[in-house]
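Asker: Here it is: the structure, laid out below.
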2 protein chains.
Amino acid sequence: MAATTRMTRQKKVIIDILKNTKSHPTADWIYEQARKIIPDISLGTVYRNLRLLTQMGEILELNYGSSYSRFDGNPLPHYHFVCEKCGRVFDVDLPIFSNLNQEVEAQTGFLVKNHRLEFYGTCLDCRQKS
Amino acid sequence: MAATTRMTRQKKVIIDILKNTKSHPTADWIYEQARKIIPDISLGTVYRNLRLLTQMGEILELNYGSSYSRFDGNPLPHYHFVCEKCGRVFDVDLPIFSNLNQEVEAQTGFLVKNHRLEFYGTCLDCRQKS
DNA sequence: ATAGGTGCAAATGTTTTGCTGTCAA
DNA sequence: TTGACAGCAAAACATTTGCACCTAT
């Protein structure tokens, strides 16, 4: 039997935090927020649930440009901007290149499931500070 | 004074390995290759040089989709395909979207220096195995 | 009732770093 | 000559996991 998914208090809180922030938080930030509601939640549980939710396609793991992952409560395809100064990740409002996967598939013979597009540079806040 | 760059035997070997492989090797793989030429080279030295070369723009660090980085001896802009089964990274022969950075810059007010585009899926070898 | 989830802490795996000695310029 | 770089090993860091207990179904 496929493993069923239980809706625990911990998972509910983690989903809630993730769906209600526009930032793309780290596991640690989510942990700190979650502790405000469930003081003895453990970091391991946060990681376990983030992995589960990622596998279920409920959230996205953004694991580029840094040594740690960030998570995105919006699983719909969209692109990102990474600030190289402060490390923050922003959504980029650009239409999806929906034919690109097929194009690469035709060219390579590989099975292409999805693609990611990230922009790197300096965000507005950091631009003004320098 | 800006730190000058010394061409050590170690650095030379690492550059040579990286420029002569089409794979996108991990630090550990580079280390193993380098040991065939300099048996007592240390992993720390490999990492130090990889970081240095990345900062100098000589090579690219590919740090997505996995817990460890891969390195690319070709610093010219190009896109990648990541196999989710075997973890290998392939070059994708697609023209660069050269106006995209400006487009995002205009839209966000951020300073956009570059972008990355990666495709995810199953490579030909892994497709045939399943 | 029971299997999937939790908290805790130890383990893991990759990458970085402190120190002392070495070598490229 | 000398300061950037090497080797070595320990530390740092994010993330995963083993275990005994707990709880959603």
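So you can find residues: chains in the structure tokens are A, B, ... in the order shown, residues in each start at 1, and ligands are numbered from 1 in order.
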Could you give me, as a tab-separated table, a per-residue list for chain D showing, wherever an atom lies at most 8 Å from an atom of chain A, the closest pair of atoms and their distance in Å to one decimal, using only C-alpha atoms (C1' of nucleotides) and sorting by chain then residue number from low to high?
Answerer:
residue	atom	partner	partner_atom	distance
D:DA14	C1'	A:Tyr68	CA	6.2
D:DT15	C1'	A:Tyr47	CA	7.6
D:DA24	C1'	A:Arg6	CA	6.6
D:DT25	C1'	A:Arg6	CA	7.9
Asker: Once you count only C-alpha atoms (C1' of nucleotides), what closest atom pair and distance in Å to one decimal does each residue of chain C within 9 Å of chain A have, with rows by chain and rising residue number, as a Markdown table?
Answerer:
| residue | atom | partner | partner_atom | distance |
| --- | --- | --- | --- | --- |
| C:DG4 | C1' | A:Arg6 | CA | 7.2 |
| C:DG5 | C1' | A:Thr8 | CA | 7.6 |
| C:DT6 | C1' | A:Thr45 | CA | 6.9 |
| C:DG7 | C1' | A:Ser42 | CA | 6.0 |
| C:DC8 | C1' | A:Ser42 | CA | 8.0 |
Asker: How close does each residue of chain B get to chain A, giving the shortest atom pair and distance in Å to one decimal for every residue with an atom at most 6 Å away, counting only C-alpha atoms, sorted by chain and residue number, as CSV?
Answerer:
residue,atom,partner,partner_atom,distance
B:Asn63,CA,A:Tyr64,CA,5.5
B:Tyr64,CA,A:Tyr64,CA,4.6
B:Phe110,CA,A:Cys123,CA,4.7
B:Leu111,CA,A:Thr122,CA,5.0
B:Val112,CA,A:Gly121,CA,4.5
B:Lys113,CA,A:Gly121,CA,4.9
B:Asn114,CA,A:Tyr120,CA,5.4
B:His115,CA,A:Phe119,CA,4.1
B:Arg116,CA,A:Glu118,CA,5.2
B:Leu117,CA,A:Leu117,CA,4.5
B:Glu118,CA,A:Arg116,CA,5.2
B:Phe119,CA,A:His115,CA,4.1
B:Tyr120,CA,A:Asn114,CA,5.4
B:Gly121,CA,A:Val112,CA,4.5
B:Thr122,CA,A:Leu111,CA,5.0
B:Cys123,CA,A:Phe110,CA,4.7
B:Leu124,CA,A:Phe110,CA,5.2
Asker: Include C-alpha atoms and write out the residues we just selected as an mmCIF file, in the first residue's frame.
Answerer:
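Written out: part_20.cif:
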data_model
loop_
_atom_site.group_PDB
_atom_site.id
_atom_site.type_symbol
_atom_site.label_atom_id
_atom_site.label_comp_id
_atom_site.auth_asym_id
_atom_site.auth_seq_id
_atom_site.Cartn_x
_atom_site.Cartn_y
_atom_site.Cartn_z
ATOM 1 C CA ASN B 63 24.795 23.978 -7.246
ATOM 2 C CA TYR B 64 21.263 22.901 -7.886
ATOM 3 C CA PHE B 110 16.831 45.002 -9.780
ATOM 4 C CA LEU B 111 20.306 44.790 -11.234
ATOM 5 C CA VAL B 112 20.325 41.555 -13.216
ATOM 6 C CA LYS B 113 23.758 40.174 -13.944
ATOM 7 C CA ASN B 114 22.975 36.767 -15.369
ATOM 8 C CA HIS B 115 20.497 33.963 -15.430
ATOM 9 C CA ARG B 116 20.475 30.203 -15.293
ATOM 10 C CA LEU B 117 18.189 27.792 -17.017
ATOM 11 C CA GLU B 118 18.108 24.124 -16.090
ATOM 12 C CA PHE B 119 15.966 21.311 -17.329
ATOM 13 C CA TYR B 120 15.074 18.333 -15.161
ATOM 14 C CA GLY B 121 14.048 14.855 -16.169
ATOM 15 C CA THR B 122 15.474 11.483 -17.187
ATOM 16 C CA CYS B 123 18.470 11.067 -19.466
ATOM 17 C CA LEU B 124 18.608 8.580 -22.324
#
Asker: At what distance in Å, to one decimal, does CA of Pro25 in chain B lie from C1' of DA9 in chain D?
Answerer: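 Taking C1' of DA9 in chain D as the start and CA of Pro25 in chain B as the end point, the length is 24.9 Å.
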Asker: Please measure the separation of CA of Val13 in chain A and CA of Leu76 in chain A, giving the value in Å to one decimal.
Answerer: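 CA of Val13 in chain A sits 20.8 Å away from CA of Leu76 in chain A.
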Asker: If we count only C-alpha atoms (C1' of nucleotides), what is near range 16-22 of chain C at a cut-off of 8 Å, once residues fewer than 4 positions away on the same chain are taken out, given as JSON, numbers by chain?
Answerer: {"D": [6, 11, 12]}
Asker: Keeping N, CA, C and O atoms (P, O5', C5', C4', C3', O3' and C1' of nucleotides), export the residues of the selection given above as a tab-separated table (two decimals), in the first residue's frame.
Answerer:
chain	number	residue	atom	x	y	z
D	6	DA	P	47.30	25.77	-3.73
D	6	DA	O5'	48.00	24.69	-2.81
D	6	DA	C5'	49.29	24.21	-3.20
D	6	DA	C4'	49.87	23.35	-2.09
D	6	DA	C3'	48.89	22.32	-1.54
D	6	DA	O3'	49.34	21.02	-1.88
D	6	DA	C1'	49.83	23.65	0.24
D	11	DA	P	37.85	20.20	16.64
D	11	DA	O5'	37.09	21.13	15.60
D	11	DA	C5'	37.69	22.37	15.25
D	11	DA	C4'	36.77	23.14	14.34
D	11	DA	C3'	35.33	23.25	14.85
D	11	DA	O3'	34.95	24.61	14.73
D	11	DA	C1'	35.36	22.34	12.65
D	12	DA	P	33.49	25.11	15.21
D	12	DA	O5'	32.74	25.28	13.83
D	12	DA	C5'	33.40	25.91	12.74
D	12	DA	C4'	32.49	25.86	11.55
D	12	DA	C3'	31.01	26.05	11.91
D	12	DA	O3'	30.48	27.04	11.04
D	12	DA	C1'	31.32	24.07	10.64
Asker: So which bits of range 19-117 of chain A end up alpha helix (DSSP H) when you DSSP the backbone, as JSON, numbers by chain?
Answerer: {"A": [19, 27, 28, 29, 30, 31, 32, 33, 34, 35, 43, 44, 45, 46, 47, 48, 49, 50, 51, 52, 53, 54, 55, 56, 100, 101, 102, 103, 104, 105, 106, 107, 108]}
Asker: Would you output that residue set with C-alpha atoms, as an mmCIF file, in the first residue's frame?
Answerer:
data_model
loop_
_atom_site.group_PDB
_atom_site.id
_atom_site.type_symbol
_atom_site.label_atom_id
_atom_site.label_comp_id
_atom_site.auth_asym_id
_atom_site.auth_seq_id
_atom_site.Cartn_x
_atom_site.Cartn_y
_atom_site.Cartn_z
ATOM 1 C CA LYS A 19 1.298 29.404 2.287
ATOM 2 C CA ALA A 27 13.985 25.526 6.952
ATOM 3 C CA ASP A 28 15.413 27.319 9.933
ATOM 4 C CA TRP A 29 13.174 30.348 9.535
ATOM 5 C CA ILE A 30 10.137 28.086 9.224
ATOM 6 C CA TYR A 31 11.281 26.277 12.357
ATOM 7 C CA GLU A 32 11.504 29.551 14.297
ATOM 8 C CA GLN A 33 8.026 30.576 13.178
ATOM 9 C CA ALA A 34 6.593 27.164 13.958
ATOM 10 C CA ARG A 35 8.052 27.254 17.475
ATOM 11 C CA LEU A 43 13.896 20.903 13.462
ATOM 12 C CA GLY A 44 13.946 17.313 12.252
ATOM 13 C CA THR A 45 10.172 17.352 11.969
ATOM 14 C CA VAL A 46 10.314 20.558 9.980
ATOM 15 C CA TYR A 47 12.789 19.002 7.553
ATOM 16 C CA ARG A 48 10.797 15.785 7.349
ATOM 17 C CA ASN A 49 7.604 17.629 6.496
ATOM 18 C CA LEU A 50 9.281 19.926 4.019
ATOM 19 C CA ARG A 51 10.638 16.923 2.207
ATOM 20 C CA LEU A 52 7.263 15.208 2.251
ATOM 21 C CA LEU A 53 5.465 18.276 0.950
ATOM 22 C CA THR A 54 8.068 18.733 -1.760
ATOM 23 C CA GLN A 55 7.620 15.130 -2.865
ATOM 24 C CA MET A 56 3.857 15.568 -2.908
ATOM 25 C CA LEU A 100 10.812 24.793 -24.026
ATOM 26 C CA ASN A 101 10.629 21.351 -22.442
ATOM 27 C CA GLN A 102 9.414 19.746 -25.649
ATOM 28 C CA GLU A 103 12.076 21.549 -27.595
ATOM 29 C CA VAL A 104 14.842 20.152 -25.435
ATOM 30 C CA GLU A 105 13.188 16.755 -25.424
ATOM 31 C CA ALA A 106 13.171 16.665 -29.221
ATOM 32 C CA GLN A 107 16.764 17.745 -29.367
ATOM 33 C CA THR A 108 18.233 15.438 -26.748
#
Asker: Between C1' of DA25 in chain C and CA of Lys12 in chain B, what is the distance, to one decimal in Å?
Answerer: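 That distance, rounded to one decimal, is 15.8 Å.
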Asker: As a list of chain:residue names, which residues of chain B does DSSP assign to strand (DSSP E or B)?
Answerer: B:Thr26, B:Leu60, B:Glu61, B:Leu62, B:Arg70, B:Phe71, B:Asp72, B:Tyr79, B:His80, B:Phe81, B:Val82, B:Cys83, B:Val89, B:Phe90, B:Asp91, B:Val92, B:Leu111, B:Val112, B:Lys113, B:Asn114, B:His115, B:Arg116, B:Leu117, B:Glu118, B:Phe119, B:Tyr120, B:Gly121, B:Thr122
Asker: Under the rule that only C-alpha atoms are counted, which of A:Asp16, A:Glu58, A:Lys129, A:Phe97 is the nearest residue to Lys85 in chain A?
Answerer: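 Result for the nearest residue to Lys85 in chain A: A:Lys129.
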